[in-house]
>>> print(open('work_20.tsv').read())   # TSV, C-alpha atoms
chain	number	residue	atom	x	y	z
T	23	MET	CA	10.27	29.17	-2.87
T	24	ILE	CA	11.58	29.94	0.61
T	25	ALA	CA	15.15	29.73	-0.69
T	26	LEU	CA	14.21	32.28	-3.35
T	27	ILE	CA	12.69	34.68	-0.81
T	28	LEU	CA	15.72	34.31	1.47
T	29	ARG	CA	17.95	35.05	-1.50
T	30	GLU	CA	15.95	38.24	-2.20
T	31	LEU	CA	16.32	39.33	1.41
T	32	ARG	CA	20.05	38.64	1.32
T	33	LEU	CA	20.43	40.68	-1.86
T	34	ALA	CA	18.35	43.49	-0.35
T	35	ALA	CA	20.51	43.53	2.77
T	36	ALA	CA	23.79	43.42	0.85
T	37	GLY	CA	25.74	46.63	1.17
T	38	GLY	CA	23.07	48.26	3.32
T	39	ALA	CA	20.76	48.78	0.32
T	40	ALA	CA	17.75	47.83	2.45
T	41	LEU	CA	18.37	50.82	4.70
T	42	LEU	CA	17.98	53.22	1.78
T	43	PRO	CA	14.14	53.36	1.67
T	44	LEU	CA	14.08	53.63	5.44
T	45	ILE	CA	16.53	56.54	5.57
T	46	PHE	CA	14.74	58.21	2.67
T	47	PHE	CA	11.40	57.94	4.49
T	48	LEU	CA	12.79	59.40	7.70
T	49	LEU	CA	14.58	62.15	5.79
T	50	VAL	CA	11.33	63.26	4.14
T	51	ALA	CA	9.61	63.19	7.52
T	52	THR	CA	12.40	65.38	8.91
T	53	LEU	CA	12.46	67.84	6.02
T	54	PHE	CA	8.71	68.31	5.68
T	55	PRO	CA	8.28	70.30	8.93
T	56	PHE	CA	11.14	72.57	7.80
T	57	ALA	CA	9.31	73.28	4.55
T	58	VAL	CA	5.86	73.80	6.09
T	59	GLY	CA	7.02	75.63	9.18
T	60	PRO	CA	6.54	74.94	12.88
T	61	ASP	CA	2.76	75.16	12.77
T	62	GLY	CA	1.54	72.19	14.82
T	63	PRO	CA	-2.08	71.92	13.63
T	64	LEU	CA	-1.11	72.44	9.97
T	65	LEU	CA	1.58	69.76	10.24
T	66	ALA	CA	-0.83	67.36	11.87
T	67	ARG	CA	-3.36	67.94	9.07
T	68	THR	CA	-0.94	67.53	6.15
T	69	GLY	CA	1.71	65.28	7.70
T	70	GLY	CA	-0.07	61.97	7.20
T	71	GLY	CA	-0.43	62.57	3.48
T	72	ALA	CA	3.20	63.59	3.24
T	73	LEU	CA	4.22	60.34	4.95
T	74	TRP	CA	2.16	58.38	2.44
T	75	MET	CA	3.96	60.21	-0.39
T	76	ALA	CA	7.27	59.36	1.26
T	77	ALA	CA	6.26	55.69	1.52
T	78	LEU	CA	5.34	55.67	-2.17
T	79	LEU	CA	8.70	57.12	-3.21
T	80	ALA	CA	10.58	54.86	-0.78
T	81	ALA	CA	8.94	51.81	-2.40
T	82	LEU	CA	10.14	53.02	-5.79
T	83	LEU	CA	13.78	53.45	-4.76
T	84	PRO	CA	14.99	49.86	-5.32
T	85	VAL	CA	13.17	49.53	-8.68
T	86	ASP	CA	16.38	49.17	-10.71
T	87	ARG	CA	17.84	46.36	-8.60
T	88	LEU	CA	14.72	44.17	-8.35
T	89	ILE	CA	14.78	42.42	-11.75
T	90	GLU	CA	17.53	43.88	-13.93
T	91	PRO	CA	20.63	42.44	-12.16
T	92	ASP	CA	19.14	38.93	-12.22
T	93	ARG	CA	18.22	39.31	-15.88
T	94	ALA	CA	21.67	40.59	-16.86
T	95	SER	CA	23.57	37.93	-14.90
T	96	GLY	CA	21.46	35.07	-16.30
T	97	VAL	CA	19.90	34.06	-12.96
T	98	LEU	CA	16.38	34.37	-14.42
T	99	ASP	CA	17.38	32.05	-17.28
T	100	GLN	CA	18.89	29.54	-14.87
T	101	LEU	CA	15.77	29.56	-12.67
T	102	ALA	CA	13.68	28.90	-15.77
T	103	MET	CA	15.99	25.97	-16.60
T	104	ARG	CA	15.19	24.53	-13.18
T	105	GLY	CA	11.52	24.55	-14.09
T	106	ILE	CA	10.63	27.44	-11.78
T	107	SER	CA	8.06	29.54	-13.59
T	108	GLU	CA	8.65	33.26	-14.08
T	109	GLU	CA	5.47	33.95	-12.11
T	110	MET	CA	6.86	32.04	-9.13
T	111	VAL	CA	10.11	34.00	-9.32
T	112	ALA	CA	8.12	37.23	-9.47
T	113	LEU	CA	6.04	36.18	-6.46
T	114	ALA	CA	9.20	35.45	-4.46
T	115	LYS	CA	10.62	38.82	-5.47
T	116	LEU	CA	7.37	40.51	-4.45
T	117	ALA	CA	7.49	38.88	-1.02
T	118	GLY	CA	11.19	39.70	-0.61
T	119	HIS	CA	10.71	43.31	-1.70
T	120	TRP	CA	7.79	43.89	0.65
T	121	LEU	CA	9.57	42.26	3.61
T	122	SER	CA	12.62	44.46	3.00
T	123	PHE	CA	10.74	47.78	3.05
T	124	GLY	CA	7.17	47.35	4.37
T	125	PRO	CA	7.73	46.40	8.01
T	126	PRO	CA	10.77	48.73	8.43
T	127	LEU	CA	8.67	51.59	7.07
T	128	MET	CA	5.91	50.83	9.57
T	129	LEU	CA	8.48	51.02	12.36
T	130	ALA	CA	9.91	54.26	10.99
T	131	ALA	CA	6.39	55.71	10.81
T	132	ILE	CA	6.35	55.93	14.62
T	133	PRO	CA	9.16	58.53	14.96
T	134	ALA	CA	7.97	60.15	11.72
T	135	ALA	CA	4.49	60.62	13.20
T	136	GLY	CA	6.11	62.35	16.15
T	137	LEU	CA	7.88	64.77	13.82
T	138	MET	CA	4.56	65.51	12.08
T	139	LYS	CA	2.70	66.00	15.38
T	140	LEU	CA	0.19	63.33	14.37
T	141	GLN	CA	-2.38	62.34	17.00
T	142	GLN	CA	-2.22	58.85	18.37
T	143	GLU	CA	-5.37	57.67	16.58
T	144	VAL	CA	-4.01	59.05	13.29
T	145	LEU	CA	-0.79	57.10	13.85
T	146	VAL	CA	-2.81	53.92	14.36
T	147	ARG	CA	-4.69	54.61	11.11
T	148	LEU	CA	-1.40	55.34	9.34
T	149	GLU	CA	0.09	52.05	10.49
T	150	LEU	CA	-3.01	50.16	9.38
T	151	SER	CA	-3.12	51.84	5.98
T	152	LEU	CA	0.63	51.24	5.49
T	153	LEU	CA	0.20	47.58	6.41
T	154	ILE	CA	-2.54	47.19	3.82
T	155	GLY	CA	-1.15	49.57	1.20
T	156	THR	CA	2.57	48.76	1.08
T	157	PRO	CA	2.05	45.29	-0.50
T	158	GLY	CA	0.25	47.10	-3.32
T	159	LEU	CA	3.18	49.52	-3.64
T	160	ALA	CA	5.60	46.58	-3.71
T	161	ALA	CA	3.51	44.90	-6.43
T	162	LEU	CA	3.52	48.05	-8.57
T	163	THR	CA	7.27	48.44	-8.16
T	164	LEU	CA	7.83	44.83	-9.15
T	165	GLY	CA	5.64	45.06	-12.24
T	166	VAL	CA	7.33	48.24	-13.40
T	167	ALA	CA	10.79	46.81	-12.63
T	168	ALA	CA	10.02	43.79	-14.84
T	169	LEU	CA	8.68	45.98	-17.65
T	170	THR	CA	11.72	48.25	-17.68
T	171	ALA	CA	14.40	45.57	-17.11
T	172	GLY	CA	16.92	45.63	-19.93
T	173	LEU	CA	16.31	49.27	-20.79
T	174	ARG	CA	19.10	51.72	-20.20
T	175	ARG	CA	18.57	54.39	-17.54
T	176	SER	CA	15.30	52.71	-16.69
T	177	ALA	CA	14.90	54.25	-13.22
T	178	ALA	CA	13.45	57.55	-14.45
T	179	LEU	CA	11.08	55.78	-16.84
T	180	ALA	CA	10.04	53.43	-14.04
T	181	GLY	CA	9.09	56.44	-11.91
T	182	LEU	CA	6.99	57.91	-14.72
T	183	LEU	CA	5.25	54.57	-15.24
T	184	MET	CA	4.60	53.75	-11.63
T	185	LEU	CA	3.60	57.01	-9.97
T	186	PRO	CA	0.34	57.52	-11.93
T	187	LEU	CA	-0.65	53.91	-11.24
T	188	ALA	CA	-0.10	54.48	-7.54
T	189	VAL	CA	-2.69	57.29	-7.38
T	190	PRO	CA	-5.56	55.09	-6.10
T	191	LEU	CA	-3.37	53.67	-3.33
T	192	LEU	CA	-2.36	57.19	-2.37
T	193	ILE	CA	-5.93	58.53	-2.38
T	194	PHE	CA	-7.39	55.79	-0.20
T	195	GLY	CA	-4.28	55.33	1.95
T	196	ALA	CA	-4.11	58.99	2.85
T	197	GLY	CA	-7.91	59.27	2.82
T	198	HIS	CA	-8.15	56.75	5.62
T	199	LEU	CA	-5.99	58.98	7.86
T	200	GLU	CA	-8.42	61.86	7.70
T	201	ARG	CA	-11.70	60.28	8.64
T	202	GLY	CA	-11.01	56.71	9.63
T	203	ASN	CA	-13.34	53.85	8.94
T	204	GLU	CA	-16.52	55.80	8.24
T	205	SER	CA	-15.16	56.79	4.81
T	206	GLY	CA	-14.70	53.19	3.68
T	207	ALA	CA	-11.26	54.16	2.36
T	208	LEU	CA	-9.61	51.22	4.08
T	209	GLN	CA	-11.80	48.71	2.24
T	210	TRP	CA	-10.99	50.35	-1.07
T	211	LEU	CA	-7.31	50.40	-0.20
T	212	GLY	CA	-7.44	46.69	0.64
T	213	ALA	CA	-9.28	45.86	-2.58
T	214	ILE	CA	-6.81	47.76	-4.77
T	215	SER	CA	-3.81	46.38	-2.91
T	216	LEU	CA	-5.12	42.81	-3.26
T	217	LEU	CA	-5.76	43.30	-6.96
T	218	LEU	CA	-2.23	44.59	-7.51
T	219	VAL	CA	-0.62	41.81	-5.47
T	220	ALA	CA	-2.63	39.18	-7.34
T	221	GLY	CA	-1.91	40.64	-10.77
T	222	ALA	CA	1.71	41.74	-10.46
T	223	PRO	CA	3.36	38.28	-10.54
T	224	PHE	CA	1.56	37.45	-13.79
T	225	ALA	CA	2.38	40.80	-15.39
T	226	ALA	CA	6.00	40.60	-14.24
T	227	GLY	CA	6.31	36.96	-15.37
T	228	ALA	CA	5.00	37.81	-18.83
T	229	ALA	CA	7.34	40.82	-19.02
T	230	ILE	CA	10.36	38.66	-18.09
T	231	ARG	CA	9.45	36.13	-20.78
T	232	ALA	CA	8.86	38.81	-23.39
T	233	GLY	CA	12.21	40.38	-22.49
T	234	ARG	CA	14.06	37.25	-23.67
T	235	ASP	CA	13.15	37.66	-27.34
F	24	MET	CA	14.89	4.71	-25.31
F	25	SER	CA	13.25	8.05	-24.70
F	26	ALA	CA	15.04	11.11	-26.01
F	27	LEU	CA	16.60	13.61	-23.63
F	28	LEU	CA	16.24	16.25	-26.33
F	29	ALA	CA	14.11	16.16	-29.46
F	30	LEU	CA	13.97	19.01	-32.00
F	31	GLU	CA	11.62	18.48	-34.93
F	32	GLY	CA	11.45	20.81	-37.91
F	33	VAL	CA	12.67	23.71	-35.84
F	34	THR	CA	12.89	27.11	-37.52
F	35	CYS	CA	14.62	29.96	-35.75
F	36	ARG	CA	13.76	33.54	-36.60
F	37	ARG	CA	15.58	36.41	-34.90
F	38	GLY	CA	14.74	40.02	-35.65
F	39	GLY	CA	12.70	39.08	-38.71
F	40	ARG	CA	15.59	37.08	-40.24
F	41	ILE	CA	15.49	33.32	-40.56
F	42	LEU	CA	18.67	31.80	-39.13
F	43	PHE	CA	17.95	28.16	-39.85
F	44	GLU	CA	14.96	26.11	-40.98
F	45	GLY	CA	13.64	22.60	-40.54
F	46	LEU	CA	16.29	21.43	-38.08
F	47	ASP	CA	15.86	17.92	-36.67
F	48	LEU	CA	17.98	16.72	-33.79
F	49	LYS	CA	17.50	13.92	-31.30
F	50	LEU	CA	19.77	13.12	-28.38
F	51	THR	CA	19.40	10.03	-26.21
F	52	ALA	CA	21.44	8.89	-23.21
F	53	GLY	CA	25.18	8.94	-23.86
F	54	GLU	CA	24.88	10.90	-27.10
F	55	ALA	CA	26.32	14.29	-27.93
F	56	ALA	CA	25.98	16.85	-30.68
F	57	LEU	CA	28.48	19.49	-31.70
F	58	VAL	CA	27.04	22.64	-33.25
F	59	THR	CA	29.41	24.52	-35.51
F	60	GLY	CA	29.06	27.44	-37.88
F	61	PRO	CA	30.32	30.96	-38.50
F	62	ASN	CA	29.55	33.88	-36.18
F	63	GLY	CA	25.89	34.79	-36.34
F	64	ALA	CA	24.80	31.47	-37.83
F	65	GLY	CA	22.52	30.81	-34.87
F	66	LYS	CA	24.60	28.55	-32.63
F	67	SER	CA	23.66	30.37	-29.43
F	68	SER	CA	20.05	30.70	-30.60
F	69	LEU	CA	19.90	26.94	-31.12
F	70	ILE	CA	21.19	26.40	-27.57
F	71	ARG	CA	18.59	28.83	-26.19
F	72	LEU	CA	15.86	27.16	-28.27
F	73	ALA	CA	16.84	23.79	-26.83
F	74	ALA	CA	16.82	25.34	-23.37
F	75	GLY	CA	13.28	26.60	-23.90
F	76	LEU	CA	14.33	30.22	-23.39
F	77	LEU	CA	13.46	31.06	-27.01
F	78	ARG	CA	10.37	29.86	-28.81
F	79	PRO	CA	10.84	28.36	-32.28
F	80	ALA	CA	9.07	30.10	-35.17
F	81	ALA	CA	8.04	26.63	-36.34
F	82	GLY	CA	8.55	23.05	-35.15
F	83	THR	CA	8.65	21.55	-31.69
F	84	VAL	CA	11.26	21.31	-28.93
F	85	GLU	CA	10.96	18.66	-26.25
F	86	ARG	CA	13.40	18.02	-23.46
F	87	GLY	CA	13.67	16.71	-19.92
F	88	ASP	CA	15.63	18.49	-17.23
F	89	ALA	CA	18.65	20.35	-18.55
F	90	ALA	CA	21.50	22.58	-17.41
F	91	LEU	CA	22.70	25.58	-19.38
F	92	ALA	CA	26.07	27.31	-19.53
F	93	ASP	CA	26.19	30.42	-21.69
F	94	GLU	CA	28.04	33.72	-21.43
F	95	HIS	CA	26.15	34.61	-18.23
F	96	LEU	CA	27.65	33.25	-15.03
F	97	ALA	CA	24.45	33.55	-12.94
F	98	LEU	CA	26.35	33.52	-9.65
F	99	ASP	CA	25.96	36.29	-7.07
F	100	GLU	CA	29.01	38.52	-7.46
F	101	ARG	CA	29.22	39.52	-3.81
F	102	GLN	CA	29.31	35.99	-2.43
F	103	CYS	CA	32.27	33.67	-2.27
F	104	LEU	CA	32.31	31.01	-4.97
F	105	ALA	CA	31.26	28.07	-2.77
F	106	ASP	CA	28.26	29.95	-1.31
F	107	ALA	CA	27.19	31.30	-4.69
F	108	LEU	CA	27.38	27.81	-6.22
F	109	SER	CA	25.54	26.21	-3.32
F	110	PHE	CA	22.35	28.02	-4.42
F	111	TRP	CA	22.35	25.87	-7.57
F	112	VAL	CA	23.60	22.55	-6.14
F	113	VAL	CA	21.24	19.58	-6.40
F	114	ASN	CA	21.91	16.62	-4.06
F	115	GLY	CA	25.43	17.65	-3.00
F	116	GLY	CA	28.65	17.76	-5.02
F	117	SER	CA	29.44	21.25	-6.26
F	118	GLY	CA	31.58	20.43	-9.29
F	119	LEU	CA	34.40	22.61	-7.95
F	120	GLU	CA	36.83	19.66	-7.81
F	121	ALA	CA	35.94	18.45	-11.28
F	122	MET	CA	36.77	21.85	-12.75
F	123	GLY	CA	39.91	22.25	-10.60
F	124	ILE	CA	38.75	25.37	-8.76
F	125	ALA	CA	38.26	23.92	-5.28
F	126	HIS	CA	41.04	26.22	-4.04
F	127	LEU	CA	38.91	29.23	-5.05
F	128	ALA	CA	35.95	28.20	-2.89
F	129	ASP	CA	36.22	31.16	-0.52
F	130	VAL	CA	37.14	33.77	-3.15
F	131	PRO	CA	34.41	36.32	-3.99
F	132	VAL	CA	32.90	35.69	-7.43
F	133	ARG	CA	33.49	39.27	-8.58
F	134	ILE	CA	37.29	38.96	-8.57
F	135	LEU	CA	37.48	35.72	-10.57
F	136	SER	CA	39.28	35.89	-13.94
F	137	ALA	CA	37.50	35.16	-17.23
F	138	GLY	CA	38.82	31.59	-17.36
F	139	GLN	CA	37.95	30.98	-13.71
F	140	ARG	CA	34.42	32.31	-14.33
F	141	LYS	CA	34.03	29.87	-17.22
F	142	ARG	CA	35.16	27.02	-14.98
F	143	ALA	CA	32.68	28.20	-12.33
F	144	ALA	CA	29.86	28.20	-14.90
F	145	LEU	CA	30.76	24.62	-15.88
F	146	ALA	CA	30.92	23.66	-12.19
F	147	ARG	CA	27.37	25.03	-11.88
F	148	VAL	CA	26.28	22.79	-14.76
F	149	ILE	CA	27.88	19.75	-13.11
F	150	ALA	CA	26.27	20.67	-9.77
F	151	GLY	CA	22.82	20.82	-11.37
F	152	LYS	CA	22.79	17.01	-11.96
F	153	ALA	CA	20.65	17.42	-15.06
F	154	ALA	CA	20.58	14.72	-17.74
F	155	LEU	CA	21.09	17.15	-20.62
F	156	TRP	CA	23.91	19.68	-20.78
F	157	LEU	CA	23.50	22.68	-23.06
F	158	LEU	CA	26.90	24.34	-23.48
F	159	ASP	CA	27.40	27.55	-25.45
F	160	GLU	CA	31.09	28.05	-26.26
F	161	PRO	CA	32.16	26.01	-23.20
F	162	ALA	CA	35.88	26.17	-24.04
F	163	ASN	CA	36.02	29.96	-24.46
F	164	GLY	CA	38.72	31.39	-22.21
F	165	LEU	CA	39.78	28.02	-20.82
F	166	ASP	CA	43.46	27.06	-20.67
F	167	ALA	CA	44.72	23.60	-21.71
F	168	ASP	CA	44.06	22.16	-18.25
F	169	GLY	CA	40.57	23.67	-18.17
F	170	GLN	CA	39.74	22.27	-21.60
F	171	ALA	CA	41.02	18.81	-20.59
F	172	ARG	CA	38.82	18.94	-17.46
F	173	LEU	CA	35.83	20.06	-19.54
F	174	GLU	CA	36.32	17.18	-21.98
F	175	ALA	CA	36.73	14.70	-19.11
F	176	ALA	CA	33.59	16.02	-17.43
F	177	MET	CA	31.57	15.71	-20.66
F	178	ALA	CA	32.86	12.16	-21.22
F	179	ALA	CA	31.99	11.18	-17.63
F	180	HIS	CA	28.55	12.75	-17.96
F	181	ARG	CA	27.84	10.79	-21.15
F	182	ALA	CA	29.15	7.58	-19.62
F	183	ALA	CA	26.70	8.11	-16.75
F	184	GLY	CA	23.77	8.29	-19.19
F	185	GLY	CA	23.69	12.01	-19.87
F	186	ALA	CA	23.70	13.90	-23.16
F	187	VAL	CA	25.57	16.99	-24.30
F	188	LEU	CA	24.67	19.66	-26.85
F	189	ALA	CA	27.65	21.95	-27.32
F	190	ALA	CA	28.07	24.91	-29.64
F	191	THR	CA	31.61	25.97	-30.39
F	192	HIS	CA	33.91	27.43	-33.01
F	193	GLN	CA	36.94	25.89	-31.34
F	194	PRO	CA	38.18	22.31	-31.64
F	195	LEU	CA	36.55	20.33	-28.84
F	196	ALA	CA	37.10	16.63	-28.23
F	197	LEU	CA	33.59	15.19	-28.04
F	198	GLY	CA	33.84	11.57	-29.14
F	199	ALA	CA	31.28	10.34	-31.72
F	200	ALA	CA	29.30	13.55	-31.55
F	201	LYS	CA	26.59	14.21	-34.13
F	202	PRO	CA	27.70	17.16	-36.24
F	203	VAL	CA	25.22	20.01	-36.61
F	204	THR	CA	26.48	22.60	-39.08
F	205	LEU	CA	24.66	25.90	-39.36
F	206	GLY	CA	25.03	28.67	-41.89
>>> encode(input="work_20.tsv", output="structure tokens")
Amino acid sequence: MIALILRELRLAAAGGAALLPLIFFLLVATLFPFAVGPDGPLLARTGGGALWMAALLAALLPVDRLIEPDRASGVLDQLAMRGISEEMVALAKLAGHWLSFGPPLMLAAIPAAGLMKLQQEVLVRLELSLLIGTPGLAALTLGVAALTAGLRRSAALAGLLMLPLAVPLLIFGAGHLERGNESGALQWLGAISLLLVAGAPFAAGAAIRAGRD
Amino acid sequence: MSALLALEGVTCRRGGRILFEGLDLKLTAGEAALVTGPNGAGKSSLIRLAAGLLRPAAGTVERGDAALADEHLALDERQCLADALSFWVVNGGSGLEAMGIAHLADVPVRILSAGQRKRAALARVIAGKAALWLLDEPANGLDADGQARLEAAMAAHRAAGGAVLAATHQPLALGAAKPVTLG
């Protein structure tokens, strides 16, 4: 299991691919003030939501290299031959995917919050909601990656499939920024994220198996 | 003696078409079977059925631990051959020497030739230390030396109590192998 996760991290790091979500996230944070204009209070009000959008899209970026290369090169078949269940492979991929983009994104959120003129307490809420919400985003990406593996030009379809499913995460993740704990958004975010993380390995495992026929 | 592979009444259906029906095959330690038949007869499907990667439309498939070599190399292209193989090695011994590619150990997988990739796939099978080898067209792309090494490796594996199920349309020296003719 640990060897599998390490392999995922190595693949993610290969060729600097792991930096892509991070750079994308920071780029959005840089561009957003240009689009909205240098209005401090307006930026501070809308910036948190924009960062959550950026996190969502950043999680989606590696969707076409999560499952498909291993399916095409026969690695998934070979792992099955070793008696490692597809669900276990999916769980390792989920952990590897989250480790490669979740924590870096939380680090990048600090300079991004500065660009958005977010208050300190909003930054703390953002970090907390990212910590709880990004595993859910990783789970969604994994499930969609498994469903679309083997299809040609699957990246666009994966985006169409995943983004509507990510709406609850977005609502409660960004909702927590506005009003903090009194809204109960964080609990909802945690519940949805947990549900996705628990369900994704089974959905992805079933999709990998179905993809063999 | 318990069977390393037991197929009973296996029917294979692909895309709504029945490829073969009621196939029985049993392999115990030291035994081998050679699957032959024209293109599209279901040789590769039989290998994948035995591997458990396809489900039979009818019948049962039972096997212990097995290693599979098909057209997919399943080695990370960016890594050098020795590192990529080491992910699959069980209890040491990478199989590089047996397939005569030890000199390629530090060459990246992506620049290997077709024949070298085939040898690497067979080295991965050797490295897996499984009792049952499932080989789909193992001699494809191999030169005379490669084929001799493949045949020696299969003979050594059977002498050590293993079994081999190989599908091929090329002549392959596999002494006293059970013939399985499809199509």
>>> residues_near_point(input="work_20.tsv", point="(10.7, 51.7, 8.4)", cutoff="12 Å", atoms="only C-alpha atoms", output="number ranges by chain")
T: 40-49, 51, 73, 76-77, 80-81, 120-135, 149, 152-153, 156
>>> write_last_selection(input="work_20.tsv", atoms="C-alpha atoms", output="PDB file, in the coordinates of the input")
ATOM      1  CA  ALA T  40      17.750  47.830   2.450  1.00  0.00           C
ATOM      2  CA  LEU T  41      18.370  50.820   4.700  1.00  0.00           C
ATOM      3  CA  LEU T  42      17.980  53.220   1.780  1.00  0.00           C
ATOM      4  CA  PRO T  43      14.140  53.360   1.670  1.00  0.00           C
ATOM      5  CA  LEU T  44      14.080  53.630   5.440  1.00  0.00           C
ATOM      6  CA  ILE T  45      16.530  56.540   5.570  1.00  0.00           C
ATOM      7  CA  PHE T  46      14.740  58.210   2.670  1.00  0.00           C
ATOM      8  CA  PHE T  47      11.400  57.940   4.490  1.00  0.00           C
ATOM      9  CA  LEU T  48      12.790  59.400   7.700  1.00  0.00           C
ATOM     10  CA  LEU T  49      14.580  62.150   5.790  1.00  0.00           C
ATOM     11  CA  ALA T  51       9.610  63.190   7.520  1.00  0.00           C
ATOM     12  CA  LEU T  73       4.220  60.340   4.950  1.00  0.00           C
ATOM     13  CA  ALA T  76       7.270  59.360   1.260  1.00  0.00           C
ATOM     14  CA  ALA T  77       6.260  55.690   1.520  1.00  0.00           C
ATOM     15  CA  ALA T  80      10.580  54.860  -0.780  1.00  0.00           C
ATOM     16  CA  ALA T  81       8.940  51.810  -2.400  1.00  0.00           C
ATOM     17  CA  TRP T 120       7.790  43.890   0.650  1.00  0.00           C
ATOM     18  CA  LEU T 121       9.570  42.260   3.610  1.00  0.00           C
ATOM     19  CA  SER T 122      12.620  44.460   3.000  1.00  0.00           C
ATOM     20  CA  PHE T 123      10.740  47.780   3.050  1.00  0.00           C
ATOM     21  CA  GLY T 124       7.170  47.350   4.370  1.00  0.00           C
ATOM     22  CA  PRO T 125       7.730  46.400   8.010  1.00  0.00           C
ATOM     23  CA  PRO T 126      10.770  48.730   8.430  1.00  0.00           C
ATOM     24  CA  LEU T 127       8.670  51.590   7.070  1.00  0.00           C
ATOM     25  CA  MET T 128       5.910  50.830   9.570  1.00  0.00           C
ATOM     26  CA  LEU T 129       8.480  51.020  12.360  1.00  0.00           C
ATOM     27  CA  ALA T 130       9.910  54.260  10.990  1.00  0.00           C
ATOM     28  CA  ALA T 131       6.390  55.710  10.810  1.00  0.00           C
ATOM     29  CA  ILE T 132       6.350  55.930  14.620  1.00  0.00           C
ATOM     30  CA  PRO T 133       9.160  58.530  14.960  1.00  0.00           C
ATOM     31  CA  ALA T 134       7.970  60.150  11.720  1.00  0.00           C
ATOM     32  CA  ALA T 135       4.490  60.620  13.200  1.00  0.00           C
ATOM     33  CA  GLU T 149       0.090  52.050  10.490  1.00  0.00           C
ATOM     34  CA  LEU T 152       0.630  51.240   5.490  1.00  0.00           C
ATOM     35  CA  LEU T 153       0.200  47.580   6.410  1.00  0.00           C
ATOM     36  CA  THR T 156       2.570  48.760   1.080  1.00  0.00           C
TER      37      THR T 156
END
>>> residues_around(input="work_20.tsv", residues="Ile193 (chain T)", least_positions_apart="6", cutoff="12 Å", atoms="all atoms listed in the file", output="MDAnalysis selection string")
chainID T and resid 70:72 74:75 78 151 155 186:187 199:200 205:208 210:211 214
>>> residues_around(input="work_20.tsv", residues="Ala89 (chain F)", least_positions_apart="5", cutoff="10 Å", atoms="only C-alpha atoms", output="list of chain:residue names")
T:Gln100, T:Met103, T:Arg104, T:Gly105, F:Leu27, F:Leu28, F:Ala73, F:Ala74, F:Gly75, F:Val148, F:Gly151, F:Lys152, F:Ala153, F:Ala154, F:Leu155, F:Trp156, F:Leu157, F:Gly185, F:Ala186, F:Val187
>>> residues_around(input="work_20.tsv", residues="Leu101 (chain T)", least_positions_apart="5", cutoff="10 Å", atoms="all atoms listed in the file", output="PyMOL selection string")
(chain T and resi 26+92+96+106-108+110-111) or (chain F and resi 97+111)
>>> atom_distance(input="work_20.tsv", atom1="CA of His126 (chain F)", atom2="CA of Lys141 (chain F)")
15.4 Å
>>> closest_atom_pairs(input="work_20.tsv", of="chain T", to="chain F", cutoff="9 Å", atoms="all atoms listed in the file", output="JSON lines")
{"residue": "T:Ala25", "atom": "CA", "partner": "F:Phe110", "partner_atom": "CA", "distance": 8.3}
{"residue": "T:Arg29", "atom": "CA", "partner": "F:Phe110", "partner_atom": "CA", "distance": 8.8}
{"residue": "T:Leu33", "atom": "CA", "partner": "F:Asp99", "partner_atom": "CA", "distance": 8.8}
{"residue": "T:Ala36", "atom": "CA", "partner": "F:Arg101", "partner_atom": "CA", "distance": 8.1}
{"residue": "T:Asp92", "atom": "CA", "partner": "F:Ala97", "partner_atom": "CA", "distance": 7.6}
{"residue": "T:Arg93", "atom": "CA", "partner": "F:Ala97", "partner_atom": "CA", "distance": 9.0}
{"residue": "T:Ala94", "atom": "CA", "partner": "F:His95", "partner_atom": "CA", "distance": 7.6}
{"residue": "T:Ser95", "atom": "CA", "partner": "F:Ala97", "partner_atom": "CA", "distance": 4.9}
{"residue": "T:Gly96", "atom": "CA", "partner": "F:Ala97", "partner_atom": "CA", "distance": 4.7}
{"residue": "T:Val97", "atom": "CA", "partner": "F:Ala97", "partner_atom": "CA", "distance": 4.6}
{"residue": "T:Leu98", "atom": "CA", "partner": "F:Ala97", "partner_atom": "CA", "distance": 8.2}
{"residue": "T:Asp99", "atom": "CA", "partner": "F:Leu76", "partner_atom": "CA", "distance": 7.1}
{"residue": "T:Gln100", "atom": "CA", "partner": "F:Leu91", "partner_atom": "CA", "distance": 7.1}
{"residue": "T:Ala102", "atom": "CA", "partner": "F:Leu76", "partner_atom": "CA", "distance": 7.8}
{"residue": "T:Met103", "atom": "CA", "partner": "F:Ala89", "partner_atom": "CA", "distance": 6.5}
{"residue": "T:Arg104", "atom": "CA", "partner": "F:Asp88", "partner_atom": "CA", "distance": 7.3}
{"residue": "T:Gly105", "atom": "CA", "partner": "F:Asp88", "partner_atom": "CA", "distance": 8.0}
{"residue": "T:Arg231", "atom": "CA", "partner": "F:Leu76", "partner_atom": "CA", "distance": 8.1}
{"residue": "T:Arg234", "atom": "CA", "partner": "F:Leu76", "partner_atom": "CA", "distance": 7.0}
{"residue": "T:Asp235", "atom": "CA", "partner": "F:Leu77", "partner_atom": "CA", "distance": 6.6}
>>> residues_around(input="work_20.tsv", residues="Glu160 (chain F)", least_positions_apart="6", cutoff="12 Å", atoms="all atoms listed in the file", output="PyMOL selection string")
chain F and resi 57-60+62+66-67+70+91-95+141+144-145+170+173+188-195
>>> atom_distance(input="work_20.tsv", atom1="CA of Ala226 (chain T)", atom2="CA of Arg32 (chain T)")
21.1 Å
>>> atom_distance(input="work_20.tsv", atom1="CA of Ala196 (chain F)", atom2="CA of Ala175 (chain F)")
9.3 Å
>>> residues_around(input="work_20.tsv", residues="Phe54 (chain T)", least_positions_apart="4", cutoff="8 Å", atoms="all atoms listed in the file", output="PyMOL selection string")
chain T and resi 50+58+69+72
>>> closest_residue(input="work_20.tsv", among="F:Gly115, F:Gly82, F:Gly206, F:Gly184", to="Ala55 (chain F)", atoms="all atoms listed in the file")
F:Gly184
